[in-house]
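Here's the structure we're looking at; comments come further down.
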2 protein chains.
Amino acid sequence: MEPALYLIPVTLGETEYQKVLPEYNRKIILGIKNFIVENRRSAIRFLKLSDSSIDIDSLEFLELNEHSDLAKISNYLDPLLKRKLPMGIISEAGCPAVADPGATVVEIAQKKGLKVVPLSGPSSMIMAVMASGLNGQSFAFNGYLPVKPNERAAKIRQLENRAWNEKQTQLFIEAPYRNLKMLESILNSCRNETRVCVAAGLTTEQEFIRTLSVAEWKKTNEPPINKVPAIFLIYRG
Amino acid sequence: MEPALYLIPVTLGETEYQKVLPEYNRKIILGIKNFIVENRRSAIRFLKLSDSSIDIDSLEFLELNEHSDLAKISNYLDPLLKRKLPMGIISEAGCPAVADPGATVVEIAQKKGLKVVPLSGPSSMIMAVMASGLNGQSFAFNGYLPVKPNERAAKIRQLENRAWNEKQTQLFIEAPYRNLKMLESILNSCRNETRVCVAAGLTTEQEFIRTLSVAEWKKTNEPPINKVPAIFLIYRG
């Protein structure tokens with residue numbers, strides 16, 4: 001197997017490996033002993049889900065998250081750099097380095113001229129864009145919005161303006177327990193014609209994807225998105 | 001199988017099904033008789049790649065592309081709407097409705113309250129963001145840029161400003177035979193510190209992914225991206 005930094009997507013929630021991931025990724029996973037992971041426990045759970053026979057004790061894990069010491073991260077790639085061993089990055093859900101840690105290590109790999117190989121897997125963002133019926137020719141992912149109500153409302157209106165003026169679908173996320181508050185903020189901040197898609201629990205049994213105008217959302221019952229990972233999308237009417 | 005509009009990703013080029021697509025999608029595909037496709041021939045090629053025993057003659061195809069009659073598209077979903085038959089959308093590469101046709105039909109499905117199910121598969125954009133080492137917490141896909149040199153240079157500078165001021169990675173694409181011209185435009189338009197990732201031939205044998213500053217790109221040899229589908233990403237240094 002070629003020595004490289006492999007970017008390994010994982011399932012988005014309680015779903016089987018074969019529902020969202022290609023067979024090929026399993027082969028790559030079995031060839032790697034050195035992993036950089038967002039969370040050791042969830043990475044191990046995923047590796048066992050990929051192949052129950054995997055010998056976890058033979059693997060090495062380095063954690064990469066908000067607690068990681070930036071000074072040490074530059075050594076994370078030593079197995080690949082010095083011993084030509086393939087390495088993998090695994091985040092907690094979906095694709096590493098997309099709305100999740102990983103980019104810092106990939107940046108170092110790119111600077112050192114190491115080979116970086118992204119594997120195919122579920123991206124909640126892309127699936128949300130696909131299923132929204134909103135513009136997929138131009139879209140932006142904006143991460144988390146400010147938490148303070150006034151700042152949040154201002155940010156939502158700024159994104160709404162961009163959606164209308166530049167015809168660019170705007171995506172953002174929120175901590176799952178605040179999803180309903182987020183939807184409320186959107187409905188209170190946006191024009192009646194603006195279209196809003198809520199895509200929650202993608203690929204799981206709780207999957208809920210719906211696009212309605214602000215005016216229509218105001219007339220519907222509360223959607224089943226409380227505490228379910230969700231993506232919000234807005235676009236002009 | 002549940003009656004719904006299934007969004008079916010395909011391979012990005014000459015690569016095997018199992019390298020980039022989950023087993024589950026194959027099951028879904030085998031349950032569908034009515035497909036909306038960007039191109040009939042390439043859709044059939046993909047369906048045979050998914051399962052060589054598939055009986056193509058038993059399937060119905062409606063084409064959805066720049067030649068489609070918009071007035072007729074509203075009837076495309078009749079099998080699902082009137083006969084509760086599951087339907088699928090297949091584009092020519094990657095995920096339908098993302099930088100490819102499909103969104104119009106999904107929009108109609110959402111308006112009619114039909115269930116829309118996005119399947120997991122390769123997205124060149126997400127893989128490019130993952131492997132670039134650039135910001136994956138905030139990024140925008142901008143489709144094609146203007147072709148006229150002056151307008152293109154102005155647009156590149158506008159996107160570069162957004163990358164620096166808003167810390168948002170900017171993605172765009174070009175017709176493969178103009179890739180080298182595009183890289184030249186970027187290098188002539190951007191600051192020396194701006195980082196540029198070129199991600200070409202993703203998941204295929206020609207895969208080439210490299211992130212360098214403008215100054216560094218100017219010192220390197222021409223990359224092997226001519227006539228290979230590519231994504232360009234720019235971000236601040």
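Letters for chains follow the order of the structure tokens (A, B, ...), residue numbers begin at 1 for each chain, and ligand numbers begin at 1 in the order shown.
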
Would you mind listing, for every residue of chain B within 7 Å of chain A, the two atoms forming the shortest contact and the distance between them in Å to one decimal, using only C-alpha atoms, sorted by chain and ascending residue number, as CSV?
```
residue,atom,partner,partner_atom,distance
B:Gln18,CA,A:Glu23,CA,5.4
B:Lys19,CA,A:Tyr24,CA,4.7
B:Val20,CA,A:Ser120,CA,5.3
B:Leu21,CA,A:Pro22,CA,4.7
B:Pro22,CA,A:Pro22,CA,4.2
B:Glu23,CA,A:Gln18,CA,5.4
B:Tyr24,CA,A:Lys19,CA,4.7
B:Pro96,CA,A:Met130,CA,6.5
B:Ala97,CA,A:Met130,CA,5.2
B:Val98,CA,A:Gly136,CA,4.4
B:Ala99,CA,A:Gln137,CA,4.5
B:Ala103,CA,A:Gly133,CA,4.6
B:Thr104,CA,A:Gly133,CA,6.4
B:Val106,CA,A:Gly133,CA,4.6
B:Glu107,CA,A:Gly133,CA,4.0
B:Gln110,CA,A:Thr211,CA,6.0
B:Val116,CA,A:Ala131,CA,6.1
B:Val117,CA,A:Ala131,CA,6.7
B:Pro118,CA,A:Met127,CA,5.5
B:Ser120,CA,A:Pro122,CA,4.9
B:Gly121,CA,A:Gly121,CA,6.0
B:Pro122,CA,A:Ser120,CA,4.9
B:Met127,CA,A:Pro118,CA,5.5
B:Val129,CA,A:Val98,CA,6.9
B:Met130,CA,A:Ala97,CA,5.2
B:Ala131,CA,A:Pro118,CA,5.8
B:Ser132,CA,A:Val106,CA,7.0
B:Gly133,CA,A:Glu107,CA,4.0
B:Leu134,CA,A:Ala103,CA,6.4
B:Asn135,CA,A:Ala103,CA,6.8
B:Gly136,CA,A:Val98,CA,4.4
B:Gln137,CA,A:Ala99,CA,4.5
B:Ser138,CA,A:Asn142,CA,4.8
B:Phe139,CA,A:Phe141,CA,5.4
B:Ala140,CA,A:Ala140,CA,3.9
B:Phe141,CA,A:Ser138,CA,5.3
B:Asn142,CA,A:Ser138,CA,4.8
B:Gly143,CA,A:Gln137,CA,5.5
B:Arg210,CA,A:Gln110,CA,6.7
B:Thr211,CA,A:Gln110,CA,6.0
```

query: So which residues touch Asp57 (chain B) within 12 Å, counting only C-alpha atoms, skipping near sequence neighbours fewer than 4 positions away, as a ChimeraX atom specification?
result: /B:33-34,44,47-48,53,61

Got a sec: who's within 8 Å of Val214 (chain B), counting only C-alpha atoms, leaving out chain neighbours fewer than 4 positions off, as an mmCIF file with N, CA and C atoms, in the first residue's frame?
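That gives us around07.cif:
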```cif
data_model
loop_
_atom_site.group_PDB
_atom_site.id
_atom_site.type_symbol
_atom_site.label_atom_id
_atom_site.label_comp_id
_atom_site.auth_asym_id
_atom_site.auth_seq_id
_atom_site.Cartn_x
_atom_site.Cartn_y
_atom_site.Cartn_z
ATOM 1 N N LEU B 187 -2.519 32.482 -11.210
ATOM 2 C CA LEU B 187 -1.171 32.912 -10.821
ATOM 3 C C LEU B 187 -0.904 34.364 -11.217
ATOM 4 N N CYS B 190 -3.483 36.655 -8.558
ATOM 5 C CA CYS B 190 -3.474 36.609 -7.086
ATOM 6 C C CYS B 190 -2.144 37.060 -6.482
ATOM 7 N N ARG B 191 -2.221 37.381 -5.179
ATOM 8 C CA ARG B 191 -1.004 37.747 -4.448
ATOM 9 C C ARG B 191 -0.077 36.532 -4.309
ATOM 10 N N ASN B 192 1.188 36.795 -4.128
ATOM 11 C CA ASN B 192 2.178 35.716 -4.005
ATOM 12 C C ASN B 192 1.910 34.783 -2.836
ATOM 13 N N GLU B 193 1.303 35.320 -1.756
ATOM 14 C CA GLU B 193 1.093 34.522 -0.537
ATOM 15 C C GLU B 193 -0.146 33.645 -0.624
ATOM 16 N N THR B 194 -1.081 33.987 -1.497
ATOM 17 C CA THR B 194 -2.335 33.236 -1.582
ATOM 18 C C THR B 194 -2.043 31.774 -1.893
ATOM 19 N N ARG B 195 -2.743 30.881 -1.173
ATOM 20 C CA ARG B 195 -2.536 29.457 -1.407
ATOM 21 C C ARG B 195 -3.526 28.945 -2.443
ATOM 22 N N VAL B 196 -3.045 28.133 -3.346
ATOM 23 C CA VAL B 196 -3.852 27.604 -4.439
ATOM 24 C C VAL B 196 -3.757 26.087 -4.418
ATOM 25 N N LYS B 218 4.533 29.319 -9.225
ATOM 26 C CA LYS B 218 5.251 29.970 -10.332
ATOM 27 C C LYS B 218 6.609 29.321 -10.593
#
```

message: For the strand (DSSP E) assignment from backbone DSSP, which residues of region 102-191 of chain A qualify? Please present them as a PyMOL selection string.
response: chain A and resi 116-118+139-144+169-173

Keeping only N, CA and C atoms, write those residues as a PDB file, in the first residue's frame.
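Written output follows (part07.pdb):
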```pdb
ATOM      1  N   VAL A 116      -1.505  13.042  -0.295  1.00  0.00           N
ATOM      2  CA  VAL A 116      -2.745  13.084   0.483  1.00  0.00           C
ATOM      3  C   VAL A 116      -3.852  12.439  -0.350  1.00  0.00           C
ATOM      4  N   VAL A 117      -4.540  11.456   0.214  1.00  0.00           N
ATOM      5  CA  VAL A 117      -5.577  10.736  -0.532  1.00  0.00           C
ATOM      6  C   VAL A 117      -6.928  10.821   0.176  1.00  0.00           C
ATOM      7  N   PRO A 118      -7.875  11.588  -0.383  1.00  0.00           N
ATOM      8  CA  PRO A 118      -9.202  11.660   0.219  1.00  0.00           C
ATOM      9  C   PRO A 118     -10.037  10.461  -0.231  1.00  0.00           C
ATOM     10  N   PHE A 139     -22.817  27.518  -3.804  1.00  0.00           N
ATOM     11  CA  PHE A 139     -23.262  27.414  -2.411  1.00  0.00           C
ATOM     12  C   PHE A 139     -22.080  27.614  -1.473  1.00  0.00           C
ATOM     13  N   ALA A 140     -22.394  28.033  -0.238  1.00  0.00           N
ATOM     14  CA  ALA A 140     -21.329  28.272   0.736  1.00  0.00           C
ATOM     15  C   ALA A 140     -21.686  27.643   2.065  1.00  0.00           C
ATOM     16  N   PHE A 141     -20.692  27.006   2.681  1.00  0.00           N
ATOM     17  CA  PHE A 141     -20.858  26.473   4.027  1.00  0.00           C
ATOM     18  C   PHE A 141     -20.214  27.466   4.997  1.00  0.00           C
ATOM     19  N   ASN A 142     -20.997  27.905   5.993  1.00  0.00           N
ATOM     20  CA  ASN A 142     -20.540  28.970   6.891  1.00  0.00           C
ATOM     21  C   ASN A 142     -20.273  28.512   8.322  1.00  0.00           C
ATOM     22  N   GLY A 143     -20.300  27.215   8.583  1.00  0.00           N
ATOM     23  CA  GLY A 143     -20.032  26.730   9.936  1.00  0.00           C
ATOM     24  C   GLY A 143     -21.105  27.149  10.926  1.00  0.00           C
ATOM     25  N   TYR A 144     -20.683  27.440  12.167  1.00  0.00           N
ATOM     26  CA  TYR A 144     -21.615  27.886  13.205  1.00  0.00           C
ATOM     27  C   TYR A 144     -21.824  29.391  13.110  1.00  0.00           C
ATOM     28  N   THR A 169     -26.632  29.535  -2.440  1.00  0.00           N
ATOM     29  CA  THR A 169     -27.240  28.854  -1.295  1.00  0.00           C
ATOM     30  C   THR A 169     -26.308  28.972  -0.092  1.00  0.00           C
ATOM     31  N   GLN A 170     -26.858  29.313   1.066  1.00  0.00           N
ATOM     32  CA  GLN A 170     -26.040  29.480   2.267  1.00  0.00           C
ATOM     33  C   GLN A 170     -26.340  28.365   3.263  1.00  0.00           C
ATOM     34  N   LEU A 171     -25.296  27.656   3.669  1.00  0.00           N
ATOM     35  CA  LEU A 171     -25.437  26.548   4.629  1.00  0.00           C
ATOM     36  C   LEU A 171     -24.817  26.933   5.967  1.00  0.00           C
ATOM     37  N   PHE A 172     -25.413  26.461   7.048  1.00  0.00           N
ATOM     38  CA  PHE A 172     -24.783  26.612   8.359  1.00  0.00           C
ATOM     39  C   PHE A 172     -25.308  25.532   9.295  1.00  0.00           C
ATOM     40  N   ILE A 173     -24.640  25.412  10.449  1.00  0.00           N
ATOM     41  CA  ILE A 173     -25.006  24.355  11.396  1.00  0.00           C
ATOM     42  C   ILE A 173     -25.214  24.944  12.791  1.00  0.00           C
TER      43      ILE A 173
END
```

task: From the DSSP assignment of the backbone, select every residue of region 2-235 of chain B that is alpha helix (DSSP H), and format the answer as a VMD selection string.
output: chain B and resid 17 to 20 23 to 30 40 to 50 70 to 73 78 to 83 103 to 111 124 to 132 149 to 165 179 to 189 214 to 219

query: Nearest to Thr204 (chain A): which of A:Ser189, A:Ser42, A:Arg157, A:Ala230 is it, counting only C-alpha atoms?
result: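 Between A:Ser189, A:Ser42, A:Arg157, A:Ala230, the residue approaching Thr204 (chain A) most closely is A:Ala230.
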
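One distance worth recording is that between CA of Ala199 (chain B) and CA of Pro146 (chain B), which is 20.0 Å.
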
task: Select, from A:Ile54, A:Ala4, A:Val10, A:Ile89, the residue with the minimum atom-to-atom distance to Phe35 (chain A), counting only C-alpha atoms.
output: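 For Phe35 (chain A), the nearest of the candidates is A:Ile89.
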
- prompt: Which distance in Å separates CA of Val228 (chain A) and CA of Glu66 (chain A), to one decimal?
  reply: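 Result for CA of Val228 (chain A) versus CA of Glu66 (chain A): 22.3 Å, one decimal.
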